[in-house]
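Chemist: Next comes the structure file data12.txt, holding compact mmCIF, C-alpha atoms.
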```txt
# COMPACT_ATOMS: atom_id res chain seq x y z
CA MET A 1 0.00 0.00 0.00
CA GLN A 2 0.98 3.66 -0.40
CA GLN A 3 0.30 6.37 2.16
CA VAL A 4 -0.03 10.03 1.17
CA LEU A 5 0.23 12.46 4.07
CA SER A 6 -0.89 16.08 4.15
CA TYR A 7 -1.50 18.75 6.79
CA ARG A 8 -5.06 20.04 7.30
CA HIS A 9 -5.49 22.85 9.80
CA GLY A 10 -2.36 21.78 11.63
CA GLU A 11 -3.28 18.10 11.70
CA LEU A 12 -1.74 15.28 9.70
CA VAL A 13 -4.24 13.40 7.54
CA GLU A 14 -3.61 10.32 5.44
CA LEU A 15 -4.79 8.83 2.17
CA THR A 16 -4.11 5.15 1.54
CA LEU A 17 -3.71 4.02 -2.05
CA PRO A 18 -3.10 0.57 -3.55
CA ALA A 19 0.46 -0.60 -4.17
CA ALA A 20 2.12 0.71 -7.32
CA THR A 21 1.93 -2.68 -9.04
CA THR A 22 -1.79 -3.16 -8.37
CA ARG A 23 -4.07 -2.79 -11.37
CA VAL A 24 -6.78 -0.13 -11.36
CA PHE A 25 -10.18 -1.83 -11.07
CA GLY A 26 -11.64 -2.47 -14.50
CA HIS A 27 -8.49 -1.31 -16.30
CA GLN A 28 -5.24 -2.86 -17.47
CA LEU A 29 -3.09 -0.01 -16.20
CA ARG A 30 -1.39 -0.13 -12.81
CA TRP A 31 -1.67 2.46 -10.06
CA GLY A 32 2.00 3.46 -10.24
CA ARG A 33 3.82 5.55 -7.65
CA ALA A 34 2.01 8.54 -6.18
CA GLU A 35 5.01 10.85 -6.59
CA GLU A 36 5.42 10.17 -10.32
CA ILE A 37 3.54 12.56 -12.57
CA GLY A 38 0.99 10.92 -14.80
CA THR A 39 0.26 7.76 -12.83
CA PRO A 40 -3.25 7.00 -11.56
CA ALA A 41 -1.86 7.24 -8.03
CA TYR A 42 -0.43 10.70 -8.71
CA TRP A 43 -3.67 12.09 -10.12
CA THR A 44 -5.70 10.55 -7.29
CA ALA A 45 -3.42 11.96 -4.57
CA GLN A 46 -3.43 15.44 -6.08
CA THR A 47 -7.21 15.39 -6.45
CA TRP A 48 -7.61 14.31 -2.82
CA MET A 49 -5.48 17.23 -1.63
CA TRP A 50 -7.32 19.79 -3.76
CA GLU A 51 -10.74 18.45 -2.78
CA THR A 52 -9.95 18.85 0.90
CA GLU A 53 -8.31 22.26 0.68
CA ASP A 54 -10.09 24.13 -2.11
CA PRO A 55 -13.00 22.17 -3.64
CA ASP A 56 -14.57 25.15 -5.46
CA HIS A 57 -11.36 26.58 -6.89
CA TYR A 58 -12.57 26.40 -10.49
CA ARG A 59 -15.82 28.41 -10.18
CA LEU A 60 -15.49 31.83 -11.83
CA GLY A 61 -18.97 33.36 -11.87
CA ARG A 62 -21.65 34.37 -9.40
CA THR A 63 -24.42 33.44 -11.83
CA LEU A 64 -24.84 30.96 -14.68
CA ARG A 65 -24.61 33.85 -17.14
CA GLU A 66 -21.28 34.93 -15.69
CA GLU A 67 -19.97 31.37 -15.76
CA MET A 68 -21.00 31.08 -19.39
CA LEU A 69 -19.21 34.33 -20.21
CA ALA A 70 -16.02 33.20 -18.49
CA CYS A 71 -15.90 29.89 -20.34
CA LEU A 72 -16.97 31.36 -23.68
CA LEU A 73 -14.21 33.98 -23.53
CA GLY A 74 -11.54 31.42 -22.68
CA GLY A 75 -10.64 28.18 -24.38
CA TYR A 76 -8.63 27.33 -27.47
CA GLY A 77 -6.16 29.97 -28.60
CA ILE A 78 -6.90 32.29 -25.66
CA PRO A 79 -4.36 32.32 -22.80
CA ALA A 80 -6.16 31.87 -19.48
CA GLU A 81 -4.98 35.25 -18.19
CA VAL A 82 -6.33 37.06 -21.28
CA GLY A 83 -9.67 35.26 -21.13
CA LEU A 84 -10.08 36.19 -17.47
CA ALA A 85 -9.26 39.83 -18.18
CA ALA A 86 -11.92 39.93 -20.91
CA TYR A 87 -14.37 38.24 -18.58
CA ASP A 88 -13.76 40.78 -15.81
CA ARG A 89 -14.55 43.57 -18.26
CA LEU A 90 -17.70 42.05 -19.71
CA ARG A 91 -19.29 40.79 -16.52
CA ALA A 92 -19.51 44.36 -15.23
CA ALA A 93 -21.67 45.32 -18.21
CA PRO A 94 -25.49 45.22 -18.04
CA ALA A 95 -27.32 42.35 -19.78
CA ASP A 96 -28.74 44.58 -22.53
CA ALA A 97 -25.22 45.69 -23.49
CA LEU A 98 -24.07 42.07 -23.67
CA GLU A 99 -26.92 41.27 -26.04
CA ASP A 100 -25.66 43.99 -28.40
CA GLU A 101 -22.92 42.55 -30.63
CA HIS A 102 -21.46 45.97 -31.40
CA SER A 103 -21.20 46.89 -27.73
CA VAL A 104 -19.49 43.60 -26.94
CA LEU A 105 -17.12 44.06 -29.87
CA GLU A 106 -16.13 47.49 -28.60
CA MET A 107 -15.39 46.05 -25.15
CA LEU A 108 -13.32 43.22 -26.62
CA THR A 109 -11.33 45.34 -29.07
CA THR A 110 -10.27 47.85 -26.41
CA PRO A 111 -6.86 46.59 -25.18
CA LEU A 112 -6.93 44.63 -21.92
CA GLU A 113 -4.40 45.04 -19.14
CA VAL A 114 -2.69 41.71 -18.41
CA LYS A 115 0.27 41.60 -16.02
CA GLY A 116 0.74 45.34 -16.34
CA ARG A 117 0.78 45.52 -20.13
CA PRO A 118 -1.87 46.12 -22.82
CA VAL A 119 -2.98 42.98 -24.66
CA ARG A 120 -5.41 42.60 -27.53
CA TYR A 121 -8.07 39.92 -27.31
CA ARG A 122 -7.97 37.44 -30.20
CA PHE A 123 -11.06 36.51 -32.22
CA ALA A 124 -12.87 39.62 -30.90
CA ARG A 125 -15.40 39.84 -33.74
CA GLN A 126 -16.28 36.15 -33.62
CA LYS A 127 -16.55 36.08 -29.83
CA ALA A 128 -18.64 39.27 -29.76
CA ARG A 129 -21.25 37.59 -31.94
CA HIS A 130 -21.25 34.46 -29.80
CA VAL A 131 -21.55 36.41 -26.55
CA ALA A 132 -24.50 38.47 -27.78
CA LEU A 133 -26.38 35.42 -29.06
CA CYS A 134 -25.59 33.30 -25.99
CA VAL A 135 -26.67 35.91 -23.47
CA ALA A 136 -29.95 36.36 -25.34
CA GLY A 137 -30.41 32.61 -25.81
CA LEU A 138 -29.80 31.75 -22.17
CA ALA A 139 -33.33 32.93 -21.36
CA ASP A 140 -34.70 29.94 -23.29
CA ILE A 141 -32.60 27.37 -21.42
CA ASP A 142 -34.11 25.29 -18.63
CA THR A 143 -31.55 26.12 -15.95
CA ASP A 144 -33.11 23.59 -13.57
CA ALA A 145 -32.41 20.66 -15.89
CA GLY A 146 -30.04 17.88 -14.84
CA ASP A 147 -26.34 18.36 -15.40
CA ARG A 148 -26.09 16.49 -18.69
CA ASP A 149 -29.38 17.89 -20.00
CA LEU A 150 -28.18 21.40 -19.18
CA ARG A 151 -24.88 20.68 -20.93
CA ASP A 152 -26.70 19.43 -24.03
CA ALA A 153 -28.99 22.48 -24.04
CA LEU A 154 -26.02 24.85 -23.84
CA VAL A 155 -24.45 23.12 -26.84
CA GLY A 156 -27.31 24.57 -28.87
CA LEU A 157 -26.13 28.13 -28.21
CA SER A 158 -23.87 30.02 -30.59
CA GLY A 159 -20.18 29.10 -30.34
CA ILE A 160 -20.66 26.56 -27.55
CA GLY A 161 -19.58 22.98 -28.21
CA PRO A 162 -19.50 19.99 -25.87
CA LYS A 163 -16.23 21.03 -24.23
CA THR A 164 -17.30 24.60 -23.43
CA ALA A 165 -20.77 23.48 -22.34
CA SER A 166 -19.23 20.86 -20.04
CA TRP A 167 -16.85 23.49 -18.67
CA ILE A 168 -19.78 25.77 -17.80
CA VAL A 169 -21.76 22.98 -16.12
CA ARG A 170 -18.77 21.60 -14.24
CA ASN A 171 -17.94 25.02 -12.85
CA TRP A 172 -21.46 26.17 -12.05
CA ARG A 173 -22.93 22.89 -10.80
CA ASP A 174 -19.76 21.42 -9.30
CA SER A 175 -20.70 18.51 -11.53
CA ASP A 176 -19.06 15.10 -11.71
CA GLU A 177 -21.30 13.99 -14.60
CA VAL A 178 -19.49 15.78 -17.43
CA SER A 179 -15.91 16.11 -18.63
CA ILE A 180 -14.03 19.04 -20.16
CA LEU A 181 -12.01 17.33 -22.87
CA ASP A 182 -9.44 19.98 -23.74
CA ILE A 183 -5.97 19.22 -25.09
CA HIS A 184 -4.41 18.84 -21.62
CA ILE A 185 -6.99 16.31 -20.44
CA ILE A 186 -6.77 14.41 -23.73
CA ARG A 187 -2.96 14.16 -23.54
CA ALA A 188 -3.05 12.89 -19.96
CA CYS A 189 -5.74 10.33 -20.76
CA GLN A 190 -3.91 9.20 -23.89
CA SER A 191 -0.75 8.65 -21.84
CA LEU A 192 -2.81 6.42 -19.53
CA GLY A 193 -4.16 4.45 -22.46
CA LEU A 194 -7.75 5.41 -21.62
CA PHE A 195 -8.66 6.51 -25.15
CA ASP A 196 -8.76 4.45 -28.31
CA ALA A 197 -6.05 5.65 -30.69
CA ALA A 198 -8.68 6.23 -33.39
CA TRP A 199 -10.85 8.50 -31.23
CA ARG A 200 -11.04 12.20 -32.12
CA VAL A 201 -12.68 14.64 -29.74
CA GLU A 202 -14.76 16.28 -32.47
CA ARG A 203 -16.36 12.92 -33.37
CA HIS A 204 -16.05 10.76 -30.27
CA TYR A 205 -16.72 13.15 -27.39
CA ALA A 206 -19.29 10.85 -25.75
CA GLN A 207 -16.99 7.81 -25.83
CA MET A 208 -14.01 9.77 -24.49
CA GLU A 209 -16.10 11.36 -21.75
CA ALA A 210 -17.45 7.97 -20.69
CA ALA A 211 -13.92 6.54 -20.53
CA TYR A 212 -12.68 9.47 -18.45
CA LEU A 213 -15.62 9.31 -16.03
CA ALA A 214 -15.18 5.54 -15.63
CA PHE A 215 -11.52 6.06 -14.76
CA ALA A 216 -12.33 8.74 -12.18
CA LYS A 217 -14.84 6.41 -10.56
CA ALA A 218 -12.34 3.51 -10.57
CA VAL A 219 -9.69 5.50 -8.69
CA GLY A 220 -12.20 7.10 -6.31
CA ALA A 221 -11.57 10.67 -7.48
CA ARG A 222 -14.18 13.34 -8.09
CA ALA A 223 -14.31 13.79 -11.86
CA SER A 224 -14.74 17.57 -11.60
CA ILE A 225 -11.68 18.14 -9.43
CA LEU A 226 -9.57 15.51 -11.22
CA ASP A 227 -10.25 17.35 -14.49
CA SER A 228 -9.10 20.64 -12.96
CA VAL A 229 -5.99 19.13 -11.39
CA ILE A 230 -4.91 17.47 -14.65
CA TRP A 231 -5.45 20.74 -16.52
CA MET A 232 -3.43 22.80 -14.02
CA THR A 233 -0.61 20.28 -13.97
CA MET A 234 -0.30 19.57 -17.67
CA ARG A 235 -0.26 23.23 -18.67
CA GLN A 236 2.63 23.89 -16.26
CA LEU A 237 4.80 21.00 -17.38
CA PRO A 238 7.79 21.66 -19.68
CA GLN A 239 7.05 20.47 -23.20
CA ASP A 240 9.76 17.83 -23.13
CA ILE A 241 8.10 16.10 -20.18
CA VAL A 242 4.66 16.33 -21.79
CA ALA A 243 6.08 14.84 -24.98
CA ASN A 244 7.71 11.98 -23.09
CA LEU A 245 4.91 11.14 -20.71
CA ASN A 246 4.28 7.60 -21.75
CA VAL A 247 2.19 5.97 -19.07
CA LYS A 248 0.76 2.87 -20.72
CA TYR A 249 -0.98 0.21 -18.64
CA GLY A 250 0.56 1.67 -15.48
CA ARG A 251 4.23 1.66 -16.54
CA ILE A 252 6.30 4.84 -16.52
CA GLN A 253 8.82 5.14 -19.33
CA LYS A 254 12.12 3.69 -18.13
CA ASN A 255 15.10 5.88 -17.25
CA ARG A 256 12.88 8.91 -16.76
CA THR A 257 12.46 10.75 -13.48
CA PRO A 258 9.40 12.99 -13.71
CA LYS A 259 9.63 16.42 -12.19
CA VAL A 260 7.24 17.22 -9.36
CA VAL A 261 4.88 20.10 -10.13
CA ASP A 262 4.15 22.45 -7.26
CA ILE A 263 0.40 21.92 -7.21
CA ARG A 264 0.12 20.52 -3.67
CA GLN A 265 3.07 18.85 -2.03
CA ALA A 266 2.63 15.45 -0.40
CA VAL A 267 4.80 13.41 1.95
CA LEU A 268 4.93 9.80 0.80
CA ILE A 269 6.01 6.88 2.95
```
Could you write out this file's structure as C-alpha cells?

Modeler:
Amino acid sequence: MQQVLSYRHGELVELTLPAATTRVFGHQLRWGRAEEIGTPAYWTAQTWMWETEDPDHYRLGRTLREEMLACLLGGYGIPAEVGLAAYDRLRAAPADALEDEHSVLEMLTTPLEVKGRPVRYRFARQKARHVALCVAGLADIDTDAGDRDLRDALVGLSGIGPKTASWIVRNWRDSDEVSILDIHIIRACQSLGLFDAAWRVERHYAQMEAAYLAFAKAVGARASILDSVIWMTMRQLPQDIVANLNVKYGRIQKNRTPKVVDIRQAVLI
C-alpha cells in the first residue's frame, strides 16, 4: 500500500492508495507511484489534496450567465490570463449591453491590461457575436435541468460545443457527470491508455467522456476536481516532459524521473 500524508489545519491526515503494481479496477493499467507525474496514483493523490483544501477553486462566476461568459471567452487559442481579463470587463456590463454585438465588440477590441501591459483579445469579432447570441439565448434554457441535460442544451447556443458546455456545467454545478475534454486532459488520458487511438474529440466526445468518467470512478476521485488538477498540472509542465509522458498500462517510461509540479506537495512513505 501507499500512504499520502498532508497537513489540514495543523493536523496530519492520510490517504491510503493501492500498491504501485496493483491494477486499477476495470483497467489494465497499474496504479503506479504517487510521486510520479501521470500515474493513476499521482492524479488521485493530487485530487484528494485539492478536494480537501479548495473544492470550489474552479468556479469563476456568481451566476450561470457569468460562468457562461467566463468559459466562452476562454478556451482554445486564448491564454487563461487574457480570457479572465476579458471576462472581468464584460461581466460588469449590463445584460442589454451584452446582447448587443457591437457593444461587446467594442469592449473586446479595447486593449486589456494583463500583467501590467496592454494585450489585444484574439477573435474579438467572432466572440462578440457568440456572446451576444448566448446571453440572449440563455433565457430559453431550462436552468433547472439535470447536469447532462443542461450541458446538451447549452451546446445549442452560438459558439458553444460539448467542451465549453461541459466546462460551464462543471464550474457552475460542481458537476461530476461531465468532462471538459481539452488538449491537456486528452494528452493525460492518452498517456494512460484510456482513449482508443482512433478517437477524435470532435467525433467521439461521448466515448471519451465515458472513458474518463469511468476512470475517475475507478480510482475514487471526483471527476470535476480531477479534471481541474490534470489541466493545471499539464499546462505547467515543460514540453519535453509532456512529450515523453508515456504511461501505458501503469508503466512509466524507463530511465525517466518525472519532475514534481508544485500543485500541492505530499509526503509519501

Chemist: For A:Asp227, which of A:Trp31, A:Phe25, A:Trp43, A:Tyr121 is the closest residue, counting only C-alpha atoms?

Modeler: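 Checking each of A:Trp31, A:Phe25, A:Trp43, A:Tyr121 against A:Asp227, counting only C-alpha atoms, the winner is A:Trp43.
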
Chemist: Within 6 Å of A:Leu154, counting only C-alpha atoms, which residues show up once you throw out same-chain ones fewer than 3 positions away? Write them as a list in words, please.

Modeler: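 In the requested form, the answer reads Arg151, Leu157 and Ala165 of chain A.
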
Chemist: For A:Thr47, which residue among A:Gly220, A:Pro111, A:Pro94, A:Gly83 is the nearest when counting only C-alpha atoms?

Modeler: A:Gly220

Chemist: Is there a way to get, as an MDAnalysis selection string, all residues within 12 Å of the point (-25.7, 37.9, -32.4) in file coordinates, counting only C-alpha atoms?

Modeler: chainID A and resid 97:105 125:137 157:159

Chemist: Calculate how many Å separate atom CA of A:Tyr7 from atom CA of A:Tyr42, rounding to one decimal.

Modeler: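 That distance, rounded to one decimal, is 17.5 Å.
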
Chemist: List every residue of stretch 3-82 of chain A that has an atom at most 7 Å from any atom of stretch 166-182 of chain A, and for each one report the closest atom pair and its distance in Å to one decimal, counting only C-alpha atoms, with rows sorted by chain and then by increasing residue number, as JSON lines.

Modeler:
```
{"residue": "A:Tyr58", "atom": "CA", "partner": "A:Asn171", "partner_atom": "CA", "distance": 6.0}
{"residue": "A:Arg59", "atom": "CA", "partner": "A:Asn171", "partner_atom": "CA", "distance": 4.8}
{"residue": "A:Leu64", "atom": "CA", "partner": "A:Trp172", "partner_atom": "CA", "distance": 6.4}
{"residue": "A:Glu67", "atom": "CA", "partner": "A:Ile168", "partner_atom": "CA", "distance": 6.0}
{"residue": "A:Met68", "atom": "CA", "partner": "A:Ile168", "partner_atom": "CA", "distance": 5.7}
{"residue": "A:Cys71", "atom": "CA", "partner": "A:Ile168", "partner_atom": "CA", "distance": 6.2}
```

Chemist: If you measure from atom CA of A:Arg120 to atom CA of A:Arg91, what distance in Å do you get, rounded to one decimal?

Modeler: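 Straight-line distance from atom CA of A:Arg120 to atom CA of A:Arg91 works out to 17.8 Å.
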
Chemist: Calculate how many Å separate atom CA of A:Gln236 from atom CA of A:Glu53, rounding to one decimal.

Modeler: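 Calculated distance between atom CA of A:Gln236 and atom CA of A:Glu53 is 20.2 Å.
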